[in-house]
file model_14.pdb (PDB, C-alpha atoms and all ligand atoms)
ATOM      1  CA  MET A 375       7.901  -2.401 -28.929  1.00  0.00           C
ATOM      2  CA  SER A 376       6.075  -1.323 -25.753  1.00  0.00           C
ATOM      3  CA  LYS A 377       6.016   2.429 -25.197  1.00  0.00           C
ATOM      4  CA  ALA A 378       4.721   4.612 -22.394  1.00  0.00           C
ATOM      5  CA  ILE A 379       4.633   8.295 -21.571  1.00  0.00           C
ATOM      6  CA  TYR A 380       4.953   9.852 -18.135  1.00  0.00           C
ATOM      7  CA  PRO A 381       3.450  13.351 -18.390  1.00  0.00           C
ATOM      8  CA  GLY A 382       3.670  15.926 -15.640  1.00  0.00           C
ATOM      9  CA  SER A 383       4.704  19.364 -14.500  1.00  0.00           C
ATOM     10  CA  PHE A 384       7.999  18.308 -12.848  1.00  0.00           C
ATOM     11  CA  ASP A 385       8.487  21.777 -11.328  1.00  0.00           C
ATOM     12  CA  PRO A 386      11.010  20.546 -10.211  1.00  0.00           C
ATOM     13  CA  VAL A 387      11.528  16.801 -10.657  1.00  0.00           C
ATOM     14  CA  THR A 388      11.657  15.099  -7.231  1.00  0.00           C
ATOM     15  CA  LYS A 389      13.122  11.837  -5.959  1.00  0.00           C
ATOM     16  CA  GLY A 390       9.526  10.554  -5.963  1.00  0.00           C
ATOM     17  CA  HIS A 391       9.276  11.225  -9.716  1.00  0.00           C
ATOM     18  CA  LEU A 392      12.649   9.564 -10.256  1.00  0.00           C
ATOM     19  CA  ASP A 393      11.472   6.487  -8.365  1.00  0.00           C
ATOM     20  CA  ILE A 394       8.428   6.236 -10.683  1.00  0.00           C
ATOM     21  CA  ILE A 395      10.621   6.816 -13.776  1.00  0.00           C
ATOM     22  CA  ARG A 396      13.073   4.050 -12.799  1.00  0.00           C
ATOM     23  CA  ARG A 397      10.337   1.537 -12.052  1.00  0.00           C
ATOM     24  CA  ALA A 398       8.267   2.367 -15.159  1.00  0.00           C
ATOM     25  CA  SER A 399      11.367   2.189 -17.366  1.00  0.00           C
ATOM     26  CA  LYS A 400      11.716  -1.480 -16.386  1.00  0.00           C
ATOM     27  CA  MET A 401       8.147  -2.227 -17.467  1.00  0.00           C
ATOM     28  CA  PHE A 402       8.336  -0.797 -20.999  1.00  0.00           C
ATOM     29  CA  ASP A 403      10.848  -0.890 -23.849  1.00  0.00           C
ATOM     30  CA  SER A 404      10.751   2.882 -24.010  1.00  0.00           C
ATOM     31  CA  LEU A 405       9.506   5.565 -21.652  1.00  0.00           C
ATOM     32  CA  THR A 406       9.106   9.226 -22.570  1.00  0.00           C
ATOM     33  CA  VAL A 407       8.933  11.621 -19.649  1.00  0.00           C
ATOM     34  CA  SER A 408       7.191  14.709 -20.945  1.00  0.00           C
ATOM     35  CA  VAL A 409       6.855  18.148 -19.396  1.00  0.00           C
ATOM     36  CA  LEU A 410       3.526  19.890 -19.907  1.00  0.00           C
ATOM     37  CA  ASN A 411       3.854  23.440 -21.171  1.00  0.00           C
ATOM     38  CA  ASN A 412       0.905  24.841 -19.236  1.00  0.00           C
ATOM     39  CA  SER A 413       0.240  28.511 -19.961  1.00  0.00           C
ATOM     40  CA  GLU A 414      -2.283  28.714 -17.085  1.00  0.00           C
ATOM     41  CA  LYS A 415       0.305  27.997 -14.382  1.00  0.00           C
ATOM     42  CA  SER A 416       3.210  30.208 -13.334  1.00  0.00           C
ATOM     43  CA  PRO A 417       5.928  27.643 -12.821  1.00  0.00           C
ATOM     44  CA  LEU A 418       9.194  28.205 -10.948  1.00  0.00           C
ATOM     45  CA  PHE A 419      11.180  26.738 -13.856  1.00  0.00           C
ATOM     46  CA  SER A 420      10.707  27.205 -17.590  1.00  0.00           C
ATOM     47  CA  VAL A 421       9.865  24.133 -19.665  1.00  0.00           C
ATOM     48  CA  ASP A 422      13.437  24.066 -21.051  1.00  0.00           C
ATOM     49  CA  GLU A 423      14.911  24.186 -17.542  1.00  0.00           C
ATOM     50  CA  ARG A 424      12.658  21.342 -16.393  1.00  0.00           C
ATOM     51  CA  VAL A 425      13.537  19.300 -19.486  1.00  0.00           C
ATOM     52  CA  ASN A 426      17.252  19.877 -18.803  1.00  0.00           C
ATOM     53  CA  MET A 427      16.951  18.826 -15.168  1.00  0.00           C
ATOM     54  CA  LEU A 428      15.079  15.675 -16.207  1.00  0.00           C
ATOM     55  CA  ARG A 429      17.745  14.898 -18.839  1.00  0.00           C
ATOM     56  CA  GLY A 430      20.412  15.204 -16.167  1.00  0.00           C
ATOM     57  CA  ILE A 431      18.596  13.041 -13.647  1.00  0.00           C
ATOM     58  CA  CYS A 432      17.754  10.310 -16.213  1.00  0.00           C
ATOM     59  CA  ARG A 433      21.070  10.224 -18.049  1.00  0.00           C
ATOM     60  CA  ASP A 434      21.907   6.739 -16.710  1.00  0.00           C
ATOM     61  CA  ILE A 435      18.567   5.183 -17.758  1.00  0.00           C
ATOM     62  CA  PRO A 436      19.040   4.131 -21.399  1.00  0.00           C
ATOM     63  CA  ASN A 437      15.405   3.659 -22.464  1.00  0.00           C
ATOM     64  CA  VAL A 438      14.143   6.987 -21.094  1.00  0.00           C
ATOM     65  CA  GLU A 439      13.698  10.064 -23.279  1.00  0.00           C
ATOM     66  CA  ILE A 440      12.702  13.538 -22.190  1.00  0.00           C
ATOM     67  CA  ASP A 441      10.281  15.692 -24.155  1.00  0.00           C
ATOM     68  CA  SER A 442       7.731  18.482 -23.670  1.00  0.00           C
ATOM     69  CA  PHE A 443       4.252  19.065 -25.024  1.00  0.00           C
ATOM     70  CA  SER A 444       1.376  21.543 -25.070  1.00  0.00           C
ATOM     71  CA  GLY A 445      -2.334  20.794 -25.099  1.00  0.00           C
ATOM     72  CA  LEU A 446      -4.069  17.552 -24.287  1.00  0.00           C
ATOM     73  CA  THR A 447      -2.098  14.548 -23.054  1.00  0.00           C
ATOM     74  CA  ALA A 448      -4.334  12.275 -25.147  1.00  0.00           C
ATOM     75  CA  ASP A 449      -3.444  14.208 -28.324  1.00  0.00           C
ATOM     76  CA  TYR A 450       0.231  14.005 -27.418  1.00  0.00           C
ATOM     77  CA  ALA A 451      -0.096  10.247 -26.819  1.00  0.00           C
ATOM     78  CA  LYS A 452      -1.764   9.806 -30.206  1.00  0.00           C
ATOM     79  CA  LYS A 453       0.893  11.898 -31.946  1.00  0.00           C
ATOM     80  CA  THR A 454       3.716   9.899 -30.390  1.00  0.00           C
ATOM     81  CA  GLY A 455       2.033   6.522 -31.015  1.00  0.00           C
ATOM     82  CA  THR A 456       1.653   5.622 -27.350  1.00  0.00           C
ATOM     83  CA  ASP A 457      -1.257   3.859 -25.661  1.00  0.00           C
ATOM     84  CA  VAL A 458      -0.025   3.971 -22.072  1.00  0.00           C
ATOM     85  CA  ILE A 459       0.227   6.854 -19.624  1.00  0.00           C
ATOM     86  CA  ILE A 460       2.175   6.369 -16.401  1.00  0.00           C
ATOM     87  CA  ARG A 461       1.120   8.218 -13.264  1.00  0.00           C
ATOM     88  CA  GLY A 462       2.255   7.910  -9.668  1.00  0.00           C
ATOM     89  CA  LEU A 463      -0.298   7.532  -6.856  1.00  0.00           C
ATOM     90  CA  ARG A 464       0.860   8.764  -3.465  1.00  0.00           C
ATOM     91  CA  ALA A 465      -2.252   8.599  -1.358  1.00  0.00           C
ATOM     92  CA  ILE A 466      -6.005   8.316  -1.512  1.00  0.00           C
ATOM     93  CA  THR A 467      -6.151  12.102  -1.947  1.00  0.00           C
ATOM     94  CA  ASP A 468      -4.524  11.697  -5.387  1.00  0.00           C
ATOM     95  CA  PHE A 469      -6.975   9.051  -6.432  1.00  0.00           C
ATOM     96  CA  GLU A 470     -10.069  11.069  -7.303  1.00  0.00           C
ATOM     97  CA  TYR A 471      -8.232  13.510  -9.564  1.00  0.00           C
ATOM     98  CA  GLU A 472      -6.126  10.778 -11.164  1.00  0.00           C
ATOM     99  CA  LEU A 473      -9.169   8.583 -11.819  1.00  0.00           C
ATOM    100  CA  GLN A 474     -10.986  11.521 -13.406  1.00  0.00           C
ATOM    101  CA  MET A 475      -7.964  12.283 -15.606  1.00  0.00           C
ATOM    102  CA  ALA A 476      -7.525   8.648 -16.631  1.00  0.00           C
ATOM    103  CA  GLN A 477     -11.200   8.315 -17.537  1.00  0.00           C
ATOM    104  CA  THR A 478     -11.227  11.624 -19.420  1.00  0.00           C
ATOM    105  CA  ASN A 479      -8.139  10.587 -21.369  1.00  0.00           C
ATOM    106  CA  ARG A 480      -9.770   7.290 -22.250  1.00  0.00           C
ATOM    107  CA  LYS A 481     -12.914   9.125 -23.372  1.00  0.00           C
ATOM    108  CA  ILE A 482     -10.805  11.313 -25.682  1.00  0.00           C
ATOM    109  CA  LEU A 483      -8.737   8.392 -27.011  1.00  0.00           C
ATOM    110  CA  LYS A 484     -10.313   5.018 -26.385  1.00  0.00           C
ATOM    111  CA  THR A 485      -7.103   3.038 -26.817  1.00  0.00           C
ATOM    112  CA  LEU A 486      -5.354   5.057 -24.112  1.00  0.00           C
ATOM    113  CA  ASP A 487      -4.831   3.412 -20.728  1.00  0.00           C
ATOM    114  CA  THR A 488      -3.297   4.796 -17.549  1.00  0.00           C
ATOM    115  CA  VAL A 489      -0.997   2.619 -15.473  1.00  0.00           C
ATOM    116  CA  PHE A 490      -0.699   3.771 -11.856  1.00  0.00           C
ATOM    117  CA  LEU A 491       2.398   3.021  -9.845  1.00  0.00           C
ATOM    118  CA  THR A 492       2.071   3.475  -6.119  1.00  0.00           C
ATOM    119  CA  THR A 493       4.789   5.781  -4.885  1.00  0.00           C
ATOM    120  CA  SER A 494       7.424   4.174  -2.668  1.00  0.00           C
ATOM    121  CA  LEU A 495       6.523   4.840   0.978  1.00  0.00           C
ATOM    122  CA  GLU A 496       9.599   6.989   1.605  1.00  0.00           C
ATOM    123  CA  TYR A 497       8.287   9.495  -0.977  1.00  0.00           C
ATOM    124  CA  ALA A 498       4.565   9.254  -0.193  1.00  0.00           C
ATOM    125  CA  TYR A 499       4.476  12.764   1.312  1.00  0.00           C
ATOM    126  CA  LEU A 500       6.583  14.388  -1.386  1.00  0.00           C
ATOM    127  CA  SER A 501       5.520  16.847  -4.087  1.00  0.00           C
ATOM    128  CA  SER A 502       7.179  19.535  -6.193  1.00  0.00           C
ATOM    129  CA  SER A 503       5.170  22.182  -4.327  1.00  0.00           C
ATOM    130  CA  ILE A 504       6.566  20.934  -0.966  1.00  0.00           C
ATOM    131  CA  VAL A 505      10.074  21.214  -2.419  1.00  0.00           C
ATOM    132  CA  ARG A 506       9.425  24.784  -3.607  1.00  0.00           C
ATOM    133  CA  GLU A 507       7.884  25.763  -0.272  1.00  0.00           C
ATOM    134  CA  VAL A 508      10.652  24.311   1.935  1.00  0.00           C
ATOM    135  CA  ALA A 509      13.357  25.787  -0.309  1.00  0.00           C
ATOM    136  CA  SER A 510      11.677  29.202  -0.357  1.00  0.00           C
ATOM    137  CA  TYR A 511      12.144  29.384   3.441  1.00  0.00           C
ATOM    138  CA  GLY A 512      15.772  28.300   3.119  1.00  0.00           C
ATOM    139  CA  GLY A 513      15.054  24.745   4.326  1.00  0.00           C
ATOM    140  CA  ASP A 514      17.024  21.631   3.443  1.00  0.00           C
ATOM    141  CA  ILE A 515      15.626  19.860   0.364  1.00  0.00           C
ATOM    142  CA  SER A 516      18.387  17.265  -0.005  1.00  0.00           C
ATOM    143  CA  GLU A 517      15.996  14.455   1.004  1.00  0.00           C
ATOM    144  CA  PHE A 518      13.516  15.502  -1.663  1.00  0.00           C
ATOM    145  CA  VAL A 519      15.539  16.156  -4.817  1.00  0.00           C
ATOM    146  CA  THR A 520      18.951  15.208  -6.208  1.00  0.00           C
ATOM    147  CA  GLU A 521      21.952  17.415  -5.464  1.00  0.00           C
ATOM    148  CA  ASP A 522      21.979  18.941  -8.966  1.00  0.00           C
ATOM    149  CA  VAL A 523      18.287  19.772  -8.823  1.00  0.00           C
ATOM    150  CA  ALA A 524      18.644  21.257  -5.321  1.00  0.00           C
ATOM    151  CA  LYS A 525      21.365  23.584  -6.636  1.00  0.00           C
ATOM    152  CA  GLU A 526      19.086  24.718  -9.468  1.00  0.00           C
ATOM    153  CA  VAL A 527      16.191  25.344  -7.056  1.00  0.00           C
ATOM    154  CA  TYR A 528      18.269  27.511  -4.693  1.00  0.00           C
ATOM    155  CA  LYS A 529      19.834  29.324  -7.639  1.00  0.00           C
ATOM    156  CA  LYS A 530      16.409  30.063  -9.092  1.00  0.00           C
ATOM    157  CA  LEU A 531      15.066  31.265  -5.739  1.00  0.00           C
ATOM    158  CA  ARG A 532      18.062  33.571  -5.366  1.00  0.00           C
ATOM    159  CA  GLY A 533      17.040  35.034  -8.713  1.00  0.00           C
ATOM    160  CA  GLU A 534      20.070  33.763 -10.608  1.00  0.00           C
ATOM    161  CA  SER A 535      19.532  32.534 -14.155  1.00  0.00           C
ATOM    162  CA  ASN A 536      19.839  28.847 -14.939  1.00  0.00           C
ATOM    163  CA  GLY A 537      23.360  28.240 -16.216  1.00  0.00           C
ATOM    164  CA  LYS A 538      22.561  25.132 -18.279  1.00  0.00           C
TER     165      LYS A 538
HETATM  166  O1  LIG A 601       2.534  16.770 -12.513  1.00  0.00           O
HETATM  167  P1  LIG A 601       1.071  17.105 -12.626  1.00  0.00           P
HETATM  168  O2  LIG A 601       0.883  18.621 -12.577  1.00  0.00           O
HETATM  169  O3  LIG A 601       0.237  16.389 -11.623  1.00  0.00           O
HETATM  170  O4  LIG A 601       0.634  16.617 -14.096  1.00  0.00           O
HETATM  171  C1  LIG A 601      -0.677  16.820 -14.541  1.00  0.00           C
HETATM  172  C2  LIG A 601      -0.813  16.515 -16.052  1.00  0.00           C
HETATM  173  C3  LIG A 601       0.213  17.300 -16.847  1.00  0.00           C
HETATM  174  C4  LIG A 601      -0.599  15.047 -16.303  1.00  0.00           C
HETATM  175  C5  LIG A 601      -2.264  16.913 -16.454  1.00  0.00           C
HETATM  176  O5  LIG A 601      -2.536  18.193 -16.001  1.00  0.00           O
HETATM  177  C6  LIG A 601      -2.509  16.859 -17.941  1.00  0.00           C
HETATM  178  O6  LIG A 601      -2.529  15.795 -18.545  1.00  0.00           O
HETATM  179  N1  LIG A 601      -2.683  18.042 -18.555  1.00  0.00           N
HETATM  180  C7  LIG A 601      -2.846  18.193 -19.981  1.00  0.00           C
HETATM  181  C8  LIG A 601      -4.271  18.624 -20.298  1.00  0.00           C
HETATM  182  C9  LIG A 601      -5.174  17.416 -20.429  1.00  0.00           C
HETATM  183  O7  LIG A 601      -4.900  16.502 -21.175  1.00  0.00           O
HETATM  184  N2  LIG A 601      -6.311  17.426 -19.689  1.00  0.00           N
HETATM  185  C10 LIG A 601      -7.290  16.348 -19.804  1.00  0.00           C
HETATM  186  C11 LIG A 601      -7.134  15.328 -18.728  1.00  0.00           C
HETATM  187  S1  LIG A 601      -8.103  15.882 -17.376  1.00  0.00           S
END

call {"tool": "encode", "arguments": {"input": "model_14.pdb", "output": "structure tokens", "more": "lines below"}}
Ligand code: PNS
result
Amino acid sequence: MSKAIYPGSFDPVTKGHLDIIRRASKMFDSLTVSVLNNSEKSPLFSVDERVNMLRGICRDIPNVEIDSFSGLTADYAKKTGTDVIIRGLRAITDFEYELQMAQTNRKILKTLDTVFLTTSLEYAYLSSSIVREVASYGGDISEFVTEDVAKEVYKKLRGESNGK
């Protein structure tokens, strides 16, 4: 059975992420989207909130599971018996960092490969930080994230707790 992991921050998950998830899910028997628990960053959403939003957004894709992890992606891949990491590439500016990550991961675990999917053009500009920034000024984020996620973002920015 072919398995892949799609690691990331997903703070919050965008339509660009969803596009990558849908396309990658067609290439592998099973795809695990996994949220990094990164103690060095101060995310808008907790890991549990991000996992819940991803579960909601992926509920109609049968071979996609949502998980979270701490530490190195390569260690997580080894633990979950996966040899493929999925990453989206938006523009040339992503390339240097992504190449460095892919090569580092392969140095840590030599069986581990990274498959890059080029982001669909309509989402090439999009990032979670753009979503947070636009929303923080009260802007419309409906083009960037699903309706449910948009509600969670505005709720969080108003200082209300996540009801899920
Ligand atoms: O969504 P992001 O923030 O671009 O995802 C980055 C992520 C989580 C894939 C990357 O930071 C990562 O793999 N972090 C775990 C630590 C690690 O394995 N570092 C070594 C590779 S440089």

call {"tool": "resolve_selection", "arguments": {"input": "model_14.pdb", "expression": "the PyMOL selection byres (((chain A and resi 393-406) around 9) and not hetatm)", "output": "number ranges by chain"}}
result
A: 375-381, 388-392, 407-408, 432, 435-441, 460-462, 491-494, 497

call {"tool": "closest_residue", "arguments": {"input": "model_14.pdb", "among": "A:Tyr499, A:Phe490, A:Phe469, A:Phe384", "to": "ligand LIG 601 (chain A)", "atoms": "only C-alpha atoms and all ligand atoms"}}
result
A:Phe384

call {"tool": "axis_aligned_box", "arguments": {"input": "model_14.pdb", "around": "region 481-489 of chain A", "padding_each_side": "8 Å", "output": "JSON"}}
result
{"center_x": -7.0, "center_y": 7.0, "center_z": -21.2, "size_x": 27.9, "size_y": 24.7, "size_z": 27.5}

call {"tool": "closest_atom_pairs", "arguments": {"input": "model_14.pdb", "of": "chain A", "to": "ligand LIG 601 (chain A)", "cutoff": "6 Å", "atoms": "all atoms listed in the file", "output": "JSON lines"}}
result
{"residue": "A:Pro381", "atom": "CA", "partner": "A:LIG601", "partner_atom": "C4", "distance": 4.9}
{"residue": "A:Gly382", "atom": "CA", "partner": "A:LIG601", "partner_atom": "O1", "distance": 3.4}
{"residue": "A:Ser383", "atom": "CA", "partner": "A:LIG601", "partner_atom": "O1", "distance": 3.9}
{"residue": "A:Phe384", "atom": "CA", "partner": "A:LIG601", "partner_atom": "O1", "distance": 5.7}
{"residue": "A:Leu410", "atom": "CA", "partner": "A:LIG601", "partner_atom": "C3", "distance": 5.2}
{"residue": "A:Gly445", "atom": "CA", "partner": "A:LIG601", "partner_atom": "C8", "distance": 5.6}
{"residue": "A:Leu446", "atom": "CA", "partner": "A:LIG601", "partner_atom": "O7", "distance": 3.4}
{"residue": "A:Thr447", "atom": "CA", "partner": "A:LIG601", "partner_atom": "O7", "distance": 3.9}
{"residue": "A:Ala448", "atom": "CA", "partner": "A:LIG601", "partner_atom": "O7", "distance": 5.8}
{"residue": "A:Met475", "atom": "CA", "partner": "A:LIG601", "partner_atom": "S1", "distance": 4.0}
{"residue": "A:Thr478", "atom": "CA", "partner": "A:LIG601", "partner_atom": "C11", "distance": 5.6}
{"residue": "A:Asn479", "atom": "CA", "partner": "A:LIG601", "partner_atom": "C11", "distance": 5.5}

call {"tool": "closest_residue", "arguments": {"input": "model_14.pdb", "among": "A:Lys484, A:Ser420, A:Tyr528, A:Arg464", "to": "Ser516 (chain A)", "atoms": "all atoms listed in the file"}}
result
A:Tyr528

call {"tool": "atom_distance", "arguments": {"input": "model_14.pdb", "atom1": "CA of Ser413 (chain A)", "atom2": "CA of Val425 (chain A)"}}
result
16.2 Å

call {"tool": "closest_residue", "arguments": {"input": "model_14.pdb", "among": "A:Thr467, A:Ser502, A:Thr485, A:Ser444", "to": "Leu418 (chain A)", "atoms": "only C-alpha atoms"}}
result
A:Ser502

call {"tool": "residues_around", "arguments": {"input": "model_14.pdb", "residues": "Glu507 (chain A)", "least_positions_apart": "6", "cutoff": "12 Å", "atoms": "only C-alpha atoms", "output": "PyMOL selection string"}}
result
chain A and resi 385-386+418+500-501+513-515+518+527-528+531

call {"tool": "closest_residue", "arguments": {"input": "model_14.pdb", "among": "A:Arg433, A:Arg424, A:Tyr511, A:Asn412", "to": "Val523 (chain A)", "atoms": "only C-alpha atoms"}}
result
A:Arg424

call {"tool": "build_atoms", "arguments": {"input": "model_14.pdb", "residues": "region 494-505 of chain A", "atoms": "all heavy atoms", "output": "PDB file, in the frame of the given file"}}
result
ATOM      1  N   SER A 494       6.733   4.830  -3.790  1.00  0.00           N
ATOM      2  CA  SER A 494       7.424   4.174  -2.668  1.00  0.00           C
ATOM      3  C   SER A 494       7.123   4.952  -1.391  1.00  0.00           C
ATOM      4  O   SER A 494       7.056   6.197  -1.412  1.00  0.00           O
ATOM      5  CB  SER A 494       8.927   4.150  -2.921  1.00  0.00           C
ATOM      6  OG  SER A 494       9.186   3.358  -4.055  1.00  0.00           O
ATOM      7  N   LEU A 495       6.970   4.213  -0.277  1.00  0.00           N
ATOM      8  CA  LEU A 495       6.523   4.840   0.978  1.00  0.00           C
ATOM      9  C   LEU A 495       7.396   6.018   1.406  1.00  0.00           C
ATOM     10  O   LEU A 495       6.900   7.015   1.929  1.00  0.00           O
ATOM     11  CB  LEU A 495       6.516   3.794   2.098  1.00  0.00           C
ATOM     12  CG  LEU A 495       5.263   2.922   2.158  1.00  0.00           C
ATOM     13  CD1 LEU A 495       5.378   1.925   3.295  1.00  0.00           C
ATOM     14  CD2 LEU A 495       4.012   3.782   2.305  1.00  0.00           C
ATOM     15  N   GLU A 496       8.701   5.910   1.152  1.00  0.00           N
ATOM     16  CA  GLU A 496       9.599   6.989   1.605  1.00  0.00           C
ATOM     17  C   GLU A 496       9.328   8.318   0.893  1.00  0.00           C
ATOM     18  O   GLU A 496       9.777   9.357   1.351  1.00  0.00           O
ATOM     19  CB  GLU A 496      11.056   6.565   1.424  1.00  0.00           C
ATOM     20  CG  GLU A 496      11.482   6.409  -0.018  1.00  0.00           C
ATOM     21  CD  GLU A 496      12.327   5.169  -0.276  1.00  0.00           C
ATOM     22  OE1 GLU A 496      11.739   4.090  -0.512  1.00  0.00           O
ATOM     23  OE2 GLU A 496      13.540   5.292  -0.247  1.00  0.00           O
ATOM     24  N   TYR A 497       8.585   8.257  -0.241  1.00  0.00           N
ATOM     25  CA  TYR A 497       8.287   9.495  -0.977  1.00  0.00           C
ATOM     26  C   TYR A 497       6.789   9.820  -0.972  1.00  0.00           C
ATOM     27  O   TYR A 497       6.343  10.698  -1.716  1.00  0.00           O
ATOM     28  CB  TYR A 497       8.770   9.380  -2.427  1.00  0.00           C
ATOM     29  CG  TYR A 497      10.236   9.028  -2.533  1.00  0.00           C
ATOM     30  CD1 TYR A 497      10.653   7.909  -3.244  1.00  0.00           C
ATOM     31  CD2 TYR A 497      11.207   9.813  -1.909  1.00  0.00           C
ATOM     32  CE1 TYR A 497      11.998   7.576  -3.337  1.00  0.00           C
ATOM     33  CE2 TYR A 497      12.551   9.480  -1.992  1.00  0.00           C
ATOM     34  CZ  TYR A 497      12.936   8.366  -2.706  1.00  0.00           C
ATOM     35  OH  TYR A 497      14.263   8.042  -2.782  1.00  0.00           O
ATOM     36  N   ALA A 498       6.028   9.123  -0.139  1.00  0.00           N
ATOM     37  CA  ALA A 498       4.565   9.254  -0.193  1.00  0.00           C
ATOM     38  C   ALA A 498       4.090  10.673   0.128  1.00  0.00           C
ATOM     39  O   ALA A 498       3.021  11.091  -0.298  1.00  0.00           O
ATOM     40  CB  ALA A 498       3.924   8.248   0.747  1.00  0.00           C
ATOM     41  N   TYR A 499       4.875  11.414   0.890  1.00  0.00           N
ATOM     42  CA  TYR A 499       4.476  12.764   1.312  1.00  0.00           C
ATOM     43  C   TYR A 499       4.949  13.828   0.324  1.00  0.00           C
ATOM     44  O   TYR A 499       4.580  15.002   0.434  1.00  0.00           O
ATOM     45  CB  TYR A 499       5.130  13.071   2.676  1.00  0.00           C
ATOM     46  CG  TYR A 499       6.636  13.088   2.553  1.00  0.00           C
ATOM     47  CD1 TYR A 499       7.305  14.279   2.287  1.00  0.00           C
ATOM     48  CD2 TYR A 499       7.360  11.911   2.592  1.00  0.00           C
ATOM     49  CE1 TYR A 499       8.680  14.277   2.094  1.00  0.00           C
ATOM     50  CE2 TYR A 499       8.732  11.908   2.402  1.00  0.00           C
ATOM     51  CZ  TYR A 499       9.379  13.084   2.147  1.00  0.00           C
ATOM     52  OH  TYR A 499      10.725  13.095   1.922  1.00  0.00           O
ATOM     53  N   LEU A 500       5.785  13.425  -0.624  1.00  0.00           N
ATOM     54  CA  LEU A 500       6.583  14.388  -1.386  1.00  0.00           C
ATOM     55  C   LEU A 500       5.869  14.936  -2.619  1.00  0.00           C
ATOM     56  O   LEU A 500       5.188  14.204  -3.336  1.00  0.00           O
ATOM     57  CB  LEU A 500       7.879  13.662  -1.815  1.00  0.00           C
ATOM     58  CG  LEU A 500       8.977  14.456  -2.468  1.00  0.00           C
ATOM     59  CD1 LEU A 500       9.376  15.654  -1.627  1.00  0.00           C
ATOM     60  CD2 LEU A 500      10.196  13.542  -2.693  1.00  0.00           C
ATOM     61  N   SER A 501       6.048  16.233  -2.857  1.00  0.00           N
ATOM     62  CA  SER A 501       5.520  16.847  -4.087  1.00  0.00           C
ATOM     63  C   SER A 501       6.448  17.989  -4.475  1.00  0.00           C
ATOM     64  O   SER A 501       7.210  18.495  -3.644  1.00  0.00           O
ATOM     65  CB  SER A 501       4.105  17.391  -3.853  1.00  0.00           C
ATOM     66  OG  SER A 501       4.165  18.470  -2.940  1.00  0.00           O
ATOM     67  N   SER A 502       6.355  18.404  -5.727  1.00  0.00           N
ATOM     68  CA  SER A 502       7.179  19.535  -6.193  1.00  0.00           C
ATOM     69  C   SER A 502       6.828  20.798  -5.406  1.00  0.00           C
ATOM     70  O   SER A 502       7.711  21.615  -5.115  1.00  0.00           O
ATOM     71  CB  SER A 502       6.937  19.784  -7.683  1.00  0.00           C
ATOM     72  OG  SER A 502       7.324  18.672  -8.429  1.00  0.00           O
ATOM     73  N   SER A 503       5.549  20.958  -5.045  1.00  0.00           N
ATOM     74  CA  SER A 503       5.170  22.182  -4.327  1.00  0.00           C
ATOM     75  C   SER A 503       5.774  22.197  -2.916  1.00  0.00           C
ATOM     76  O   SER A 503       6.157  23.261  -2.413  1.00  0.00           O
ATOM     77  CB  SER A 503       3.651  22.382  -4.291  1.00  0.00           C
ATOM     78  OG  SER A 503       3.035  21.265  -3.759  1.00  0.00           O
ATOM     79  N   ILE A 504       5.897  21.019  -2.281  1.00  0.00           N
ATOM     80  CA  ILE A 504       6.566  20.934  -0.966  1.00  0.00           C
ATOM     81  C   ILE A 504       8.029  21.347  -1.110  1.00  0.00           C
ATOM     82  O   ILE A 504       8.563  22.091  -0.284  1.00  0.00           O
ATOM     83  CB  ILE A 504       6.456  19.480  -0.409  1.00  0.00           C
ATOM     84  CG1 ILE A 504       5.032  19.186   0.064  1.00  0.00           C
ATOM     85  CG2 ILE A 504       7.473  19.217   0.698  1.00  0.00           C
ATOM     86  CD1 ILE A 504       4.645  19.851   1.359  1.00  0.00           C
ATOM     87  N   VAL A 505       8.669  20.870  -2.174  1.00  0.00           N
ATOM     88  CA  VAL A 505      10.074  21.214  -2.419  1.00  0.00           C
ATOM     89  C   VAL A 505      10.217  22.735  -2.568  1.00  0.00           C
ATOM     90  O   VAL A 505      11.079  23.353  -1.937  1.00  0.00           O
ATOM     91  CB  VAL A 505      10.588  20.510  -3.708  1.00  0.00           C
ATOM     92  CG1 VAL A 505      11.990  21.004  -4.072  1.00  0.00           C
ATOM     93  CG2 VAL A 505      10.580  19.000  -3.530  1.00  0.00           C
TER      94      VAL A 505
END
